Amino acid sequence: MLQLEPGMLVWTWITFVAVLLVLWKVAWKPLLGAVESRENRINDSLQKAENARQEAEKLLAQQQEKLAAAQQEIQGMIKEARQTAEKMRADLLEQARADAEKVKERARSDIEKERDMMMVSLKQEVADLVLETTSKLLGVAVDKARHQKIIDDSIAGFGQKN
Amino acid sequence: MSSALLRSGTEEHGEGGLGEYILHHLSDSNQWLGTHLPVIKFNLLGTEIDLSITLHVLMLWFAGALLILMFWLSFRKPRMVPRGLAGVLETVVLFVRDEIAIPNIGENLGKRLTPFLATVFFFILGCNLLGLIPIFSTATANISVTASLALVTFMMTQLYGMKENGVVAYWKHLVPSSVPWFLLPIMIPIEILSLFTKPFALAMRLFANMIAGHTVIYALLGLIIVLASYVAAPVSVAFAMAIYFLELFVAFLQAYIFTILTSLFIGMAAHPEH
């Protein structure tokens, strides 16, 4: 039972080598090749995923930076707008006040003018009235042209006394 | 087995007859299932060469054919991700590559030798498992077969040792360079001897493991005949079944051990200083 038989040794070798060669063609090459390519693909995918992640992080940082810049800009714009509005309001107020002043001024001068005119016509009226009354009292017609000066002077004096 | 065993076991020689029967049953023969296998003998330069197709040669062929068929069916169509049996086979091959070849031999050479190591593993496993099926026989329970496989390991070890280091450097590094000079007269013969004891142990281990389990199963079943009692039958069968499952485990274990030792020896020869 423990003795070596050369025939058996030879047959084992032949069988083993034959199995090895056939399996090489049928199994090892396709199997290990597929495994190799799969491993490569997985490694590639992992690498790609890692790259994509880094890229995304970079983009995110960029976006955040941009967002912060935009925020700042907006803040600035709002401030500026507020200032402009403030100034505009003040201007408008000033203008309105000035306009009102002007209107008031004009009204006053109008009144003044009106009053003067009234005064003149009143003087005329009074002179006419005095003339008429005097002529009625005297019974004669007072020459209007002759007495006009006297009446005017007295009215002027009257006006000045006030 | 019963009638012949009954005669030899109980009437003629007692337990000696049973032992003989078991040994006969486990050894190689020239017939299978009653069919005589071809006997090939010829004379070459005065020596008679016996290349008969014996039972165990036939079993080697069966195992090989089964492996080829299994792998061919599984990997006929290339797939990115294997399914079913192909997935199982791939897992085992990757186990051989990542847990046996690469740790022991190194990344590069380990990957190159994976096909060889996987063939060793599957071939031995196939022979081991074939022997567990009734009417088939265990080729790896034949010392010539295991010796032949161990010689393949031996050749690969020397070949890759010399290929990786160069012929001169390989033989120079056979003895570790850290050994003091006065120990060399002892170390050199020891190292040379160990070149041969390694494959010898490899052959003996596989052979002994495979023959032991079968012997125990036959012996347990033979008890039924020897004791000639129905009471013995359930006990014997139960024990034999337990041993059968153990053998199933041993079939895988021994294929694994043979493969891992082969890769270890090759790795040691390829990188002597590690």
# chains A, B, ... in the order shown; residues from 1 in each chain; ligands from 1
>>> residues_around(residues="Ala127 (chain A)", least_positions_apart="2", cutoff="10 Å", atoms="only C-alpha atoms", output="list in words")
Ser121, Leu122, Lys123, Gln124, Glu125, Leu129, Val130, Leu131, Glu132, Thr133, Lys144, His147, Gln148, Lys149, Ile150, Ile151, Asp152, Ser154 and Ile155 of chain A
>>> interface_residues(of="chain B", to="chain A", cutoff="6 Å", atoms="only C-alpha atoms", output="VMD selection string")
chain B and resid 50 to 51 64 71 to 72 115 119 144 to 145 148
>>> residues_around(residues="Val250 (chain B)", least_positions_apart="3", cutoff="9 Å", atoms="only C-alpha atoms", output="ChimeraX atom specification")
/B:128,209-210,213,245-247,253-255
>>> atom_distance(atom1="CA of Pro82 (chain B)", atom2="CA of Leu94 (chain B)")
12.6 Å
>>> residues_around(residues="region 158-165 of chain B", least_positions_apart="3", cutoff="7 Å", atoms="only C-alpha atoms", output="list in words")
Phe154, Met155, Ala169, Tyr170, Ile266, Ala269 and Ala270 of chain B
>>> atom_distance(atom1="CA of Gly46 (chain B)", atom2="CA of Asp28 (chain B)")
25.6 Å
>>> atom_distance(atom1="CA of Ala63 (chain B)", atom2="CA of Leu125 (chain B)")
8.8 Å
>>> residues_around(residues="region 179-196 of chain B", least_positions_apart="5", cutoff="12 Å", atoms="only C-alpha atoms", output="ChimeraX atom specification")
/B:147,150-151,153-155,157-158,161,171-174,201-203,265-266,268-269,273
>>> write_last_selection(atoms="N, CA, C and O atoms", output="PDB file, in the first residue's frame")
ATOM      1  N   ALA B 147       1.906  11.557  -3.682  1.00  0.00           N
ATOM      2  CA  ALA B 147       3.337  11.789  -3.886  1.00  0.00           C
ATOM      3  C   ALA B 147       3.558  12.546  -5.188  1.00  0.00           C
ATOM      4  O   ALA B 147       4.381  13.455  -5.268  1.00  0.00           O
ATOM      5  N   ALA B 150       2.654  16.059  -4.581  1.00  0.00           N
ATOM      6  CA  ALA B 150       3.668  16.702  -3.746  1.00  0.00           C
ATOM      7  C   ALA B 150       4.918  16.982  -4.569  1.00  0.00           C
ATOM      8  O   ALA B 150       5.591  17.987  -4.370  1.00  0.00           O
ATOM      9  N   LEU B 151       5.227  16.092  -5.516  1.00  0.00           N
ATOM     10  CA  LEU B 151       6.377  16.328  -6.396  1.00  0.00           C
ATOM     11  C   LEU B 151       6.152  17.548  -7.278  1.00  0.00           C
ATOM     12  O   LEU B 151       7.091  18.284  -7.572  1.00  0.00           O
ATOM     13  N   THR B 153       4.469  20.132  -6.353  1.00  0.00           N
ATOM     14  CA  THR B 153       4.783  21.232  -5.427  1.00  0.00           C
ATOM     15  C   THR B 153       6.288  21.425  -5.304  1.00  0.00           C
ATOM     16  O   THR B 153       6.794  22.548  -5.362  1.00  0.00           O
ATOM     17  N   PHE B 154       6.992  20.290  -5.133  1.00  0.00           N
ATOM     18  CA  PHE B 154       8.455  20.341  -4.979  1.00  0.00           C
ATOM     19  C   PHE B 154       9.092  21.025  -6.200  1.00  0.00           C
ATOM     20  O   PHE B 154       9.915  21.934  -6.063  1.00  0.00           O
ATOM     21  N   MET B 155       8.680  20.593  -7.387  1.00  0.00           N
ATOM     22  CA  MET B 155       9.240  21.158  -8.617  1.00  0.00           C
ATOM     23  C   MET B 155       8.945  22.650  -8.711  1.00  0.00           C
ATOM     24  O   MET B 155       9.827  23.438  -9.044  1.00  0.00           O
ATOM     25  N   THR B 157       8.341  24.677  -6.307  1.00  0.00           N
ATOM     26  CA  THR B 157       9.118  25.385  -5.287  1.00  0.00           C
ATOM     27  C   THR B 157      10.527  25.659  -5.783  1.00  0.00           C
ATOM     28  O   THR B 157      11.018  26.793  -5.727  1.00  0.00           O
ATOM     29  N   GLN B 158      11.193  24.612  -6.285  1.00  0.00           N
ATOM     30  CA  GLN B 158      12.570  24.788  -6.761  1.00  0.00           C
ATOM     31  C   GLN B 158      12.606  25.734  -7.959  1.00  0.00           C
ATOM     32  O   GLN B 158      13.441  26.626  -8.037  1.00  0.00           O
ATOM     33  N   GLY B 161      11.906  29.259  -6.828  1.00  0.00           N
ATOM     34  CA  GLY B 161      13.018  29.695  -5.993  1.00  0.00           C
ATOM     35  C   GLY B 161      14.175  30.150  -6.851  1.00  0.00           C
ATOM     36  O   GLY B 161      14.768  31.211  -6.633  1.00  0.00           O
ATOM     37  N   TRP B 171      20.460  28.745  -4.070  1.00  0.00           N
ATOM     38  CA  TRP B 171      21.121  27.694  -3.290  1.00  0.00           C
ATOM     39  C   TRP B 171      21.931  28.293  -2.150  1.00  0.00           C
ATOM     40  O   TRP B 171      22.093  27.675  -1.108  1.00  0.00           O
ATOM     41  N   LYS B 172      22.469  29.501  -2.353  1.00  0.00           N
ATOM     42  CA  LYS B 172      23.234  30.150  -1.291  1.00  0.00           C
ATOM     43  C   LYS B 172      22.320  30.540  -0.126  1.00  0.00           C
ATOM     44  O   LYS B 172      22.712  30.472   1.035  1.00  0.00           O
ATOM     45  N   HIS B 173      21.102  30.946  -0.461  1.00  0.00           N
ATOM     46  CA  HIS B 173      20.186  31.396   0.589  1.00  0.00           C
ATOM     47  C   HIS B 173      19.392  30.263   1.210  1.00  0.00           C
ATOM     48  O   HIS B 173      18.508  30.504   2.019  1.00  0.00           O
ATOM     49  N   LEU B 174      19.696  29.065   0.812  1.00  0.00           N
ATOM     50  CA  LEU B 174      19.000  27.916   1.386  1.00  0.00           C
ATOM     51  C   LEU B 174      19.183  27.912   2.897  1.00  0.00           C
ATOM     52  O   LEU B 174      18.255  27.663   3.663  1.00  0.00           O
ATOM     53  N   ALA B 201       6.092  15.106   3.712  1.00  0.00           N
ATOM     54  CA  ALA B 201       5.031  15.304   4.703  1.00  0.00           C
ATOM     55  C   ALA B 201       3.721  15.666   4.022  1.00  0.00           C
ATOM     56  O   ALA B 201       2.643  15.220   4.418  1.00  0.00           O
ATOM     57  N   LEU B 202       3.832  16.472   2.977  1.00  0.00           N
ATOM     58  CA  LEU B 202       2.646  16.878   2.214  1.00  0.00           C
ATOM     59  C   LEU B 202       1.923  15.651   1.658  1.00  0.00           C
ATOM     60  O   LEU B 202       0.700  15.506   1.796  1.00  0.00           O
ATOM     61  N   ALA B 203       2.697  14.763   1.050  1.00  0.00           N
ATOM     62  CA  ALA B 203       2.118  13.561   0.443  1.00  0.00           C
ATOM     63  C   ALA B 203       1.507  12.665   1.515  1.00  0.00           C
ATOM     64  O   ALA B 203       0.385  12.171   1.365  1.00  0.00           O
ATOM     65  N   PHE B 265       5.500  27.057   0.755  1.00  0.00           N
ATOM     66  CA  PHE B 265       6.825  26.576   0.330  1.00  0.00           C
ATOM     67  C   PHE B 265       7.342  27.416  -0.834  1.00  0.00           C
ATOM     68  O   PHE B 265       8.512  27.810  -0.853  1.00  0.00           O
ATOM     69  N   ILE B 266       6.458  27.677  -1.784  1.00  0.00           N
ATOM     70  CA  ILE B 266       6.883  28.481  -2.934  1.00  0.00           C
ATOM     71  C   ILE B 266       7.282  29.872  -2.472  1.00  0.00           C
ATOM     72  O   ILE B 266       8.308  30.413  -2.887  1.00  0.00           O
ATOM     73  N   MET B 268       8.371  30.746   0.488  1.00  0.00           N
ATOM     74  CA  MET B 268       9.631  30.684   1.230  1.00  0.00           C
ATOM     75  C   MET B 268      10.824  30.569   0.285  1.00  0.00           C
ATOM     76  O   MET B 268      11.874  31.149   0.531  1.00  0.00           O
ATOM     77  N   ALA B 269      10.617  29.822  -0.790  1.00  0.00           N
ATOM     78  CA  ALA B 269      11.726  29.661  -1.751  1.00  0.00           C
ATOM     79  C   ALA B 269      11.920  30.941  -2.551  1.00  0.00           C
ATOM     80  O   ALA B 269      13.051  31.318  -2.860  1.00  0.00           O
ATOM     81  N   GLU B 273      14.637  35.363   2.598  1.00  0.00           N
ATOM     82  CA  GLU B 273      14.988  36.049   3.842  1.00  0.00           C
ATOM     83  C   GLU B 273      13.785  36.446   4.687  1.00  0.00           C
ATOM     84  O   GLU B 273      13.912  37.090   5.705  1.00  0.00           O
TER      85      GLU B 273
END
